[in-house]
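Enquirer: Contents of final14.txt (compact mmCIF, C-alpha atoms (C1' of nucleotides)):
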# COMPACT_ATOMS: atom_id res chain seq x y z
CA MET A 1 74.77 75.57 100.07
CA ASN A 2 74.21 74.19 103.52
CA MET A 3 76.95 72.15 105.09
CA THR A 4 76.46 68.80 106.75
CA PRO A 5 78.00 68.55 110.24
CA MET A 6 80.88 66.51 108.85
CA ILE A 7 81.74 69.11 106.27
CA GLU A 8 81.24 71.93 108.71
CA SER A 9 83.65 70.45 111.22
CA PHE A 10 86.32 70.18 108.55
CA VAL A 11 85.71 73.68 107.23
CA MET A 12 85.85 75.23 110.68
CA HIS A 13 88.97 73.32 111.60
CA PHE A 14 90.68 74.34 108.39
CA GLY A 15 89.81 77.92 109.24
CA GLU A 16 91.54 77.62 112.59
CA MET A 17 94.56 76.04 110.98
CA GLY A 18 94.53 78.61 108.22
CA SER A 19 96.20 81.18 110.37
CA ARG A 20 99.03 78.79 111.07
CA TRP A 21 99.37 77.93 107.42
CA GLY A 22 99.73 81.48 106.29
CA PHE A 23 96.24 82.64 105.41
CA ASN A 24 93.60 84.03 107.70
CA ARG A 25 90.69 82.18 109.21
CA THR A 26 88.03 83.06 106.69
CA VAL A 27 90.31 82.43 103.72
CA GLY A 28 91.00 79.00 105.17
CA GLN A 29 87.31 78.28 105.57
CA MET A 30 86.55 79.43 102.08
CA TYR A 31 89.21 77.25 100.60
CA ALA A 32 88.15 74.23 102.63
CA LEU A 33 84.58 74.68 101.49
CA LEU A 34 85.59 74.87 97.85
CA VAL A 35 87.78 71.80 98.19
CA VAL A 36 85.04 69.56 99.51
CA CYS A 37 82.30 70.87 97.21
CA GLU A 38 82.13 69.17 93.87
CA GLU A 39 80.14 71.90 92.11
CA PRO A 40 81.39 75.50 91.91
CA LEU A 41 79.93 78.02 94.37
CA SER A 42 79.07 81.68 93.96
CA ALA A 43 80.51 84.31 96.24
CA ASN A 44 77.10 84.76 97.82
CA GLU A 45 76.70 81.09 98.53
CA ILE A 46 80.09 81.09 100.21
CA ALA A 47 79.26 84.11 102.34
CA GLU A 48 76.00 82.54 103.38
CA ALA A 49 77.39 79.10 104.13
CA LEU A 50 80.20 80.50 106.25
CA ASN A 51 78.20 83.34 107.69
CA ILE A 52 80.73 86.00 106.86
CA SER A 53 80.41 89.31 105.06
CA ARG A 54 80.20 89.55 101.33
CA GLY A 55 83.14 91.96 101.24
CA ASN A 56 85.34 89.59 103.14
CA VAL A 57 84.51 86.80 100.69
CA SER A 58 85.48 89.04 97.82
CA MET A 59 88.88 89.78 99.33
CA GLY A 60 89.45 86.18 100.26
CA LEU A 61 88.64 84.91 96.79
CA LYS A 62 90.99 87.47 95.33
CA GLU A 63 93.75 86.16 97.55
CA LEU A 64 93.01 82.53 96.73
CA GLN A 65 92.96 83.36 93.04
CA SER A 66 96.27 85.17 93.27
CA TRP A 67 97.71 81.99 94.73
CA ARG A 68 96.06 79.99 91.95
CA LEU A 69 94.32 77.79 94.46
CA VAL A 70 90.89 78.69 93.19
CA GLN A 71 89.49 79.18 89.74
CA MET A 72 86.65 81.34 88.49
CA HIS A 73 83.95 79.69 86.42
CA HIS A 74 81.27 81.23 84.30
CA VAL A 75 77.96 79.49 83.98
CA PRO A 76 76.35 80.37 80.64
CA GLY A 77 73.24 82.48 81.06
CA ASP A 78 74.19 83.45 84.60
CA ARG A 79 75.93 86.65 85.46
CA LYS A 80 77.36 85.43 88.78
CA ASP A 81 80.93 84.30 89.11
CA TYR A 82 81.36 80.76 90.38
CA PHE A 83 84.44 79.42 92.11
CA LYS A 84 86.05 76.04 92.43
CA ALA A 85 89.22 74.71 94.06
CA LEU A 86 91.89 74.19 91.47
CA GLY A 87 94.13 71.21 90.89
CA SER A 88 95.07 68.23 93.01
CA ILE A 89 95.82 68.28 96.67
CA TRP A 90 99.46 67.95 95.84
CA ASP A 91 99.27 71.10 93.72
CA MET A 92 97.77 72.93 96.60
CA ALA A 93 100.46 71.77 99.01
CA ASN A 94 103.00 72.96 96.47
CA LYS A 95 101.41 76.36 96.31
CA VAL A 96 101.38 76.66 100.07
CA PHE A 97 105.04 75.67 100.30
CA GLU A 98 105.97 78.10 97.58
CA GLN A 99 104.12 80.96 99.22
CA ARG A 100 105.69 80.26 102.51
CA ARG A 101 109.14 80.00 101.05
CA LYS A 102 108.68 83.40 99.49
CA ARG A 103 107.50 84.96 102.68
CA GLU A 104 109.57 83.10 105.21
CA MET A 105 112.91 82.39 103.62
CA ASP A 106 113.62 84.63 100.65
CA PRO A 107 113.72 87.91 102.60
CA THR A 108 116.03 86.42 105.20
CA LEU A 109 118.26 84.91 102.57
CA SER A 110 118.63 88.25 100.85
CA LEU A 111 119.41 90.07 104.08
CA LEU A 112 121.98 87.45 105.00
CA ARG A 113 123.68 87.75 101.62
CA ASP A 114 124.00 91.50 102.16
CA ILE A 115 125.35 91.18 105.65
CA LEU A 116 127.88 88.56 104.60
CA LEU A 117 129.32 90.90 101.99
CA ASP A 118 130.43 93.30 104.73
CA LYS A 119 133.82 92.98 106.34
CA PRO A 120 133.54 92.10 110.03
CA ALA A 121 134.62 95.10 112.10
CA ASN A 122 135.76 93.16 115.17
CA GLU A 123 135.91 89.77 116.83
CA GLN A 124 132.26 89.91 117.82
CA GLU A 125 131.19 90.48 114.23
CA LYS A 126 133.55 87.83 113.02
CA TYR A 127 131.82 85.25 115.20
CA ALA A 128 128.40 86.58 114.25
CA GLN A 129 129.22 86.27 110.56
CA SER A 130 130.31 82.69 110.96
CA ARG A 131 126.94 81.82 112.49
CA LEU A 132 125.10 83.81 109.84
CA GLN A 133 127.00 81.98 107.15
CA GLU A 134 125.73 78.69 108.56
CA ILE A 135 122.16 79.94 108.55
CA HIS A 136 122.59 81.24 105.04
CA ASP A 137 123.92 77.93 103.76
CA LEU A 138 121.14 76.01 105.41
CA LEU A 139 118.43 78.24 104.01
CA GLU A 140 119.96 78.09 100.58
CA ASN A 141 120.04 74.30 100.73
CA ILE A 142 116.45 74.08 101.83
CA THR A 143 115.39 76.49 99.12
CA GLN A 144 117.18 74.54 96.41
CA TRP A 145 115.75 71.32 97.66
CA SER A 146 112.21 72.53 97.73
CA GLU A 147 112.57 74.01 94.26
CA GLU A 148 113.85 70.68 93.08
CA LEU A 149 110.97 68.85 94.67
CA GLN A 150 108.51 71.16 93.00
CA ARG A 151 110.01 70.43 89.63
CA LEU A 152 109.70 66.67 90.17
CA SER A 153 106.90 64.97 88.25
CA PRO A 154 103.96 63.79 90.34
CA GLU A 155 104.96 60.19 89.69
CA LYS A 156 108.50 60.70 90.93
CA MET A 157 107.13 62.62 93.84
CA ALA A 158 104.90 59.69 94.69
CA ALA A 159 107.86 57.33 94.41
CA LEU A 160 109.89 59.52 96.74
CA MET A 161 107.02 59.63 99.22
CA LYS A 162 106.62 55.91 99.12
CA LEU A 163 110.30 55.57 99.82
CA GLY A 164 109.44 56.83 103.28
CA SER A 165 111.78 55.37 105.80
CA GLY A 166 114.03 54.21 103.00
CA VAL A 167 115.80 57.52 102.42
CA GLY A 168 118.75 56.38 104.42
CA LYS A 169 118.95 53.14 102.48
CA VAL A 170 118.88 54.94 99.17
CA LEU A 171 121.80 57.06 100.28
CA ASP A 172 123.77 53.94 101.06
CA MET A 173 122.73 52.50 97.75
CA LYS A 174 123.92 55.56 95.95
CA ASP A 175 127.37 55.15 97.46
CA LYS A 176 127.54 51.47 96.53
CA PHE A 177 126.29 52.24 93.08
CA LEU A 178 128.85 54.94 92.51
CA LYS A 179 131.64 52.71 93.73
CA SER A 180 130.63 49.75 91.59
CA SER A 181 130.48 51.83 88.41
CA MET B 1 125.86 94.19 125.46
CA ASN B 2 125.57 96.76 122.74
CA MET B 3 124.93 95.59 119.22
CA THR B 4 126.88 96.74 116.19
CA PRO B 5 124.70 97.91 113.28
CA MET B 6 125.35 94.67 111.44
CA ILE B 7 124.17 92.57 114.34
CA GLU B 8 121.27 94.84 115.03
CA SER B 9 119.97 94.60 111.48
CA PHE B 10 120.01 90.83 111.67
CA VAL B 11 118.38 90.74 115.09
CA MET B 12 115.61 93.09 114.03
CA HIS B 13 114.98 91.22 110.82
CA PHE B 14 114.82 87.92 112.63
CA GLY B 15 112.28 89.48 114.95
CA GLU B 16 110.07 90.43 112.02
CA MET B 17 110.43 86.97 110.55
CA GLY B 18 109.84 85.38 113.90
CA SER B 19 106.12 85.83 113.64
CA ARG B 20 106.11 83.98 110.34
CA TRP B 21 108.21 81.20 111.76
CA GLY B 22 105.93 80.55 114.66
CA PHE B 23 107.27 82.63 117.53
CA ASN B 24 106.56 86.24 118.31
CA ARG B 25 108.72 89.22 117.48
CA THR B 26 110.58 89.58 120.71
CA VAL B 27 111.22 85.86 121.02
CA GLY B 28 112.71 85.99 117.54
CA GLN B 29 114.95 88.90 118.47
CA MET B 30 116.08 87.24 121.61
CA TYR B 31 116.98 84.06 119.82
CA ALA B 32 118.81 85.91 117.07
CA LEU B 33 120.81 87.81 119.63
CA LEU B 34 121.81 84.65 121.45
CA VAL B 35 122.78 82.97 118.21
CA VAL B 36 125.23 85.65 117.15
CA CYS B 37 126.70 86.23 120.61
CA GLU B 38 129.54 83.96 121.49
CA GLU B 39 129.37 84.53 125.24
CA PRO B 40 126.19 83.84 127.24
CA LEU B 41 123.98 86.79 128.16
CA SER B 42 121.94 87.52 131.25
CA ALA B 43 118.24 88.25 131.03
CA ASN B 44 118.93 91.86 131.95
CA GLU B 45 121.50 92.28 129.22
CA ILE B 46 119.01 90.92 126.73
CA ALA B 47 116.25 93.24 127.90
CA GLU B 48 118.60 96.18 127.68
CA ALA B 49 120.05 95.33 124.28
CA LEU B 50 116.63 94.83 122.72
CA ASN B 51 114.93 97.55 124.72
CA ILE B 52 112.08 95.36 125.86
CA SER B 53 110.64 94.71 129.29
CA ARG B 54 112.26 92.38 131.74
CA GLY B 55 109.04 90.42 132.09
CA ASN B 56 108.81 89.82 128.40
CA VAL B 57 112.37 88.53 128.34
CA SER B 58 111.54 86.10 131.10
CA MET B 59 108.58 84.69 129.21
CA GLY B 60 110.49 84.53 125.97
CA LEU B 61 113.41 82.67 127.52
CA LYS B 62 110.99 80.22 129.04
CA GLU B 63 109.54 79.55 125.61
CA LEU B 64 112.94 79.19 123.98
CA GLN B 65 114.03 76.84 126.74
CA SER B 66 110.90 74.75 126.35
CA TRP B 67 111.86 74.34 122.70
CA ARG B 68 115.41 73.49 123.74
CA LEU B 69 116.76 76.26 121.55
CA VAL B 70 118.42 78.02 124.43
CA GLN B 71 120.32 76.78 127.42
CA MET B 72 120.77 78.23 130.87
CA HIS B 73 124.27 78.63 132.18
CA HIS B 74 125.48 79.36 135.67
CA VAL B 75 128.60 81.37 136.14
CA PRO B 76 130.28 80.44 139.43
CA GLY B 77 130.21 83.25 141.94
CA ASP B 78 127.40 85.02 140.10
CA ARG B 79 123.78 84.66 140.99
CA LYS B 80 122.43 85.70 137.60
CA ASP B 81 121.27 83.18 135.04
CA TYR B 82 123.05 83.34 131.72
CA PHE B 83 121.67 82.09 128.42
CA LYS B 84 123.17 80.79 125.23
CA ALA B 85 121.78 79.42 121.97
CA LEU B 86 121.95 75.66 121.97
CA GLY B 87 123.26 73.33 119.31
CA SER B 88 123.96 73.75 115.64
CA ILE B 89 121.90 75.67 113.17
CA TRP B 90 120.64 72.40 111.83
CA ASP B 91 119.41 71.44 115.28
CA MET B 92 117.53 74.65 115.49
CA ALA B 93 115.91 74.17 112.08
CA ASN B 94 114.89 70.71 113.22
CA LYS B 95 113.29 72.11 116.34
CA VAL B 96 111.39 74.68 114.33
CA PHE B 97 110.15 72.05 111.88
CA GLU B 98 109.12 69.77 114.70
CA GLN B 99 107.21 72.49 116.49
CA ARG B 100 105.45 73.48 113.35
CA ARG B 101 104.55 69.93 112.50
CA LYS B 102 103.00 69.56 115.92
CA ARG B 103 101.00 72.71 115.60
CA GLU B 104 100.19 72.70 111.92
CA MET B 105 99.71 69.10 110.88
CA ASP B 106 99.05 66.81 113.83
CA PRO B 107 95.71 68.38 114.82
CA THR B 108 94.46 68.29 111.25
CA LEU B 109 95.61 64.73 110.78
CA SER B 110 93.74 63.64 113.86
CA LEU B 111 90.55 65.42 112.82
CA LEU B 112 90.75 63.89 109.37
CA ARG B 113 91.17 60.42 110.80
CA ASP B 114 88.01 60.91 112.84
CA ILE B 115 86.01 62.25 109.95
CA LEU B 116 87.11 59.44 107.67
CA LEU B 117 85.80 56.86 110.12
CA ASP B 118 82.25 58.13 109.63
CA LYS B 119 80.01 56.72 106.94
CA PRO B 120 79.18 59.31 104.29
CA ALA B 121 75.49 60.23 104.57
CA ASN B 122 75.00 61.27 100.96
CA GLU B 123 76.70 61.94 97.63
CA GLN B 124 78.00 65.28 98.80
CA GLU B 125 79.73 63.71 101.78
CA LYS B 126 81.01 60.90 99.64
CA TYR B 127 82.82 63.37 97.41
CA ALA B 128 84.02 65.36 100.42
CA GLN B 129 85.46 62.24 102.02
CA SER B 130 87.37 61.35 98.90
CA ARG B 131 89.06 64.76 98.94
CA LEU B 132 89.70 64.53 102.66
CA GLN B 133 91.26 61.13 102.15
CA GLU B 134 93.71 62.69 99.71
CA ILE B 135 94.62 65.41 102.17
CA HIS B 136 94.99 62.86 104.92
CA ASP B 137 97.32 60.70 102.86
CA LEU B 138 99.42 63.66 101.85
CA LEU B 139 99.79 64.92 105.40
CA GLU B 140 100.63 61.46 106.62
CA ASN B 141 103.31 61.14 103.98
CA ILE B 142 104.82 64.48 104.81
CA THR B 143 104.78 63.68 108.51
CA GLN B 144 106.50 60.35 108.00
CA TRP B 145 109.06 61.91 105.76
CA SER B 146 109.95 64.68 108.11
CA GLU B 147 110.21 62.24 111.00
CA GLU B 148 112.54 60.16 108.88
CA LEU B 149 114.67 63.18 108.04
CA GLN B 150 114.96 64.05 111.70
CA ARG B 151 116.22 60.59 112.48
CA LEU B 152 118.92 60.83 109.83
CA SER B 153 122.44 61.43 111.10
CA PRO B 154 123.88 64.88 110.41
CA GLU B 155 126.33 63.37 107.92
CA LYS B 156 123.59 61.68 105.92
CA MET B 157 121.56 64.83 106.12
CA ALA B 158 124.48 66.76 104.68
CA ALA B 159 124.85 64.19 101.91
CA LEU B 160 121.19 64.48 101.10
CA MET B 161 121.42 68.25 100.99
CA LYS B 162 124.44 68.15 98.74
CA LEU B 163 122.51 65.90 96.42
CA GLY B 164 120.49 68.97 95.56
CA SER B 165 119.21 68.76 92.06
CA GLY B 166 120.12 65.09 92.00
CA VAL B 167 117.05 63.78 93.75
CA GLY B 168 115.49 62.80 90.48
CA LYS B 169 118.65 61.06 89.40
CA VAL B 170 118.83 59.04 92.59
CA LEU B 171 115.33 57.82 92.00
CA ASP B 172 116.30 56.63 88.55
CA MET B 173 119.37 55.05 90.02
CA LYS B 174 117.32 53.24 92.61
CA ASP B 175 115.24 51.65 89.84
CA LYS B 176 118.28 50.59 87.88
CA PHE B 177 119.89 49.25 90.99
CA LEU B 178 116.84 47.22 91.92
CA LYS B 179 116.54 45.78 88.46
CA SER B 180 120.19 44.79 88.23
CA SER B 181 120.14 42.93 91.56
C1' DA C 1 115.36 85.66 160.31
C1' DT C 2 116.41 89.32 157.02
C1' DA C 3 118.29 91.74 153.35
C1' DT C 4 119.55 91.34 148.80
C1' DA C 5 119.74 90.07 144.16
C1' DC C 6 117.46 88.11 141.05
C1' DT C 7 113.18 85.75 138.46
C1' DT C 8 108.35 84.94 137.35
C1' DT C 9 103.57 85.99 136.87
C1' DC C 10 99.71 88.20 135.21
C1' DA C 11 96.16 92.04 134.70
C1' DG C 12 95.59 95.44 131.79
C1' DA C 13 97.51 98.61 127.91
C1' DA C 14 99.15 98.83 123.29
C1' DA C 15 99.73 97.15 118.81
C1' DT C 16 98.39 94.37 115.24
C1' DT C 17 95.36 91.92 112.33
C1' DA C 18 90.88 90.57 110.57
C1' DC C 19 86.00 91.62 109.50
C1' DT C 20 81.93 94.28 108.38
C1' DG C 21 78.91 96.80 105.59
C1' DA C 22 77.79 100.74 103.12
C1' DA C 23 79.28 103.23 99.13
C1' DA C 24 81.57 103.16 94.74
C1' DC C 25 82.32 100.71 90.80
C1' DT C 26 81.48 97.45 86.69
C1' DT C 27 78.91 95.03 83.35
C1' DC C 28 75.36 93.95 80.61
C1' DA C 29 70.40 93.63 78.76
C1' DG C 30 66.87 96.19 76.93
C1' DC D 1 71.26 105.62 78.36
C1' DT D 2 69.30 103.41 82.30
C1' DG D 3 68.71 100.31 85.78
C1' DA D 4 69.40 95.81 87.63
C1' DA D 5 72.60 92.39 89.13
C1' DG D 6 76.62 91.74 90.40
C1' DT D 7 81.66 92.89 92.45
C1' DT D 8 85.22 95.55 94.90
C1' DT D 9 87.08 98.87 98.06
C1' DC D 10 88.03 100.77 102.28
C1' DA D 11 87.14 103.42 106.66
C1' DG D 12 85.87 102.11 110.92
C1' DT D 13 85.13 98.48 114.40
C1' DA D 14 86.04 94.14 116.56
C1' DA D 15 88.96 90.46 117.90
C1' DT D 16 93.30 88.80 118.85
C1' DT D 17 97.93 88.90 120.11
C1' DT D 18 101.82 90.86 122.27
C1' DC D 19 104.13 93.70 125.72
C1' DT D 20 104.69 96.19 130.00
C1' DG D 21 105.61 96.84 134.69
C1' DA D 22 104.38 96.38 139.28
C1' DA D 23 103.69 92.84 142.63
C1' DA D 24 104.66 88.29 144.21
C1' DG D 25 107.97 84.68 144.41
C1' DT D 26 112.64 82.28 145.15
C1' DA D 27 117.23 81.51 146.58
C1' DT D 28 121.36 82.68 149.03
C1' DA D 29 124.62 84.88 152.12
C1' DT D 30 125.10 86.56 156.54
Please lay out the structure from this file as structure tokens.
Expert:
Amino acid sequence: MNMTPMIESFVMHFGEMGSRWGFNRTVGQMYALLVVCEEPLSANEIAEALNISRGNVSMGLKELQSWRLVQMHHVPGDRKDYFKALGSIWDMANKVFEQRRKREMDPTLSLLRDILLDKPANEQEKYAQSRLQEIHDLLENITQWSEELQRLSPEKMAALMKLGSGVGKVLDMKDKFLKSS
Amino acid sequence: MNMTPMIESFVMHFGEMGSRWGFNRTVGQMYALLVVCEEPLSANEIAEALNISRGNVSMGLKELQSWRLVQMHHVPGDRKDYFKALGSIWDMANKVFEQRRKREMDPTLSLLRDILLDKPANEQEKYAQSRLQEIHDLLENITQWSEELQRLSPEKMAALMKLGSGVGKVLDMKDKFLKSS
DNA sequence: ATATACTTTCAGAAATTACTGAAACTTCAG
DNA sequence: CTGAAGTTTCAGTAATTTCTGAAAGTATAT
């Protein structure tokens, strides 16, 4: 597995971005490589192509598998494990969103719920709770929304995407529609 | 400025989350503190409350100001600068989304555009480009969407949020509406 | 001008996070 | 059962990121 310059530039870039998207550099590179390669790759091929240690590849693949972004493949008559990116790009985006929601919102939401159950002890806490309530409501809304979006069929998702700058219009439409019925 | 246990637990948690949300721990703590405090705080008060260095506070405030999440305040007859969280919670979420979009999607989008302008040199690159095209389209859609959402008025935003699990229904409605007109 | 009260900068220390590679483990064919 | 071919783990090291604090900078009142 040797990468053409085009593929290499993408793989390296994806590695850099990886850290911003919630996985580390090498995991990002590994995933990028598997996405652009049509045929499955063995762990050794990955390590070689990316020039990283075999152990690191093993851990990275484990992580990608736990996120269901990558699938193991067995080639008959070969003892090696082969790996391939799983699902459509939209699936992968979904997975990333889901992971991030779990790590970035759920813990905060649960802390906020706890705090909001307490009685405010003074004026300062009273004000604080009112702000926390706002944050809580917002996070809960975003969570619900993203769960809803995930449940949407790919076709509906595509329709929603295509709506693009028409979201506002649809809201208006909804009002009209409700009134007229 | 001494924090009650309730406030402290939120501030500390927000600090931990901060790193996941794109700013570092102390910046997260500082912002959390300013959000729950009704009256503006001076840089020294912040440093003292959070037990971090004065220099760090200065850098953090600079960052928060550059994101327009925090506003400087001058109290007449006092030479100190005072700081206060700016805008509604929704504004702040918007800022965070915008920042992240800039850091997490724009660079990738621009790289992908460049790569997709090149002619594929072989079958391997042909396949790679088809996957990259998918990623490109998805990112472009998400970008457009989020820009659209940002442009929406707070009221429409609220309406959209309240829609919650009704997104699917609105899509159906849109079809019906289009047909009937 | 100078003292004072405050803010900012930045080199280096500390803390965190990621990576390596050798050793332990697993699996399977003969 | 043994050894070959493969995988995983994890202690130690490397790289990166964050934080400190002392020094330099700025503004104002007198």
Enquirer: Using all atoms listed in the file, which residues sit within 9 Å of region 21-28 of chain A once same-chain residues fewer than 3 positions away are excluded, as a PyMOL selection string?
Expert: (chain A and resi 11-18+31-33+50+52+56-57+59-61+63-64+96+99-100) or (chain B and resi 20+104) or (chain C and resi 18)
Enquirer: So that I can see what lies close to region 124-140 of chain B, please list as JSON, numbers by chain the residues with an atom at most 8 Å from it, counting all atoms listed in the file and leaving out residues fewer than 3 positions away in the same chain.
Expert: {"A": [4, 6, 7, 35, 36, 37, 38, 89, 90], "B": [105, 109, 112, 113, 115, 116, 120, 121, 143, 144]}
Enquirer: For chain A, work out the contacting residues on chain D at 8 Å, counting all atoms listed in the file, and write them as a list in words.
Expert: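 My answer is DA5, DG6, DT7 and DT8 of chain D.
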Enquirer: From the options A:Lys102, A:Lys95, A:Glu39, A:Asn51, which residue's atoms come nearest to Phe83 (chain A), counting only C-alpha atoms?
Expert: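 Ranked by minimum distance to Phe83 (chain A), first place goes to A:Glu39.
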Enquirer: Output as CSV one row per residue of chain C within 12 Å of chain B: the closest atom pair and its distance in Å to one decimal place, counting all atoms listed in the file, sorted by chain and residue number ascending.
Expert:
residue,atom,partner,partner_atom,distance
C:DT4,C1',B:Arg79,CA,11.1
C:DA5,C1',B:Arg79,CA,7.5
C:DC6,C1',B:Lys80,CA,6.5
C:DT7,C1',B:Ser58,CA,7.5
C:DT8,C1',B:Ser58,CA,7.1
C:DT9,C1',B:Gly55,CA,8.5
C:DC10,C1',B:Gly55,CA,10.1
C:DT16,C1',B:Ser19,CA,11.6
Enquirer: Please list as a VMD selection string every residue within 12 Å of DT30 (chain D), counting all atoms listed in the file and excluding residues in the same chain fewer than 3 positions away.
Expert: chain C and resid 1 to 4
Enquirer: What is the distance between CA of Met72 (chain B) and CA of Phe97 (chain B), in Å to one decimal?
Expert: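 Those two atoms sit 22.6 Å apart.
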Enquirer: Hey, what's within 12 Å of region 12-14 of chain D if we count all atoms listed in the file and toss same-chain stuff fewer than 3 positions away? As a ChimeraX atom specification, please?
Expert: /C:17-22
Enquirer: Choose the residue, out of D:DT16, D:DT9, D:DG21, D:DT28, that has the smallest atom-to-atom separation from DC25 (chain C); count all atoms listed in the file.
Expert: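 Looking only at the distances to DC25 (chain C), the closest residue turns out to be D:DT9.
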Enquirer: Quote the spacing between C1' of DC19 (chain D) and CA of Ser53 (chain B) in Å to one decimal place.
Expert: 7.5 Å
Enquirer: Of the candidates B:Ser19, B:Gln65, B:Val70, B:Asp114, which one gets nearest to DT18 (chain D) if we count all atoms listed in the file?
Expert: B:Ser19
Enquirer: To one decimal place in Å, what is the distance between C1' of DA11 (chain C) and CA of Glu45 (chain B)?
Expert: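 We find that C1' of DA11 (chain C) and CA of Glu45 (chain B) lie 25.9 Å from each other.
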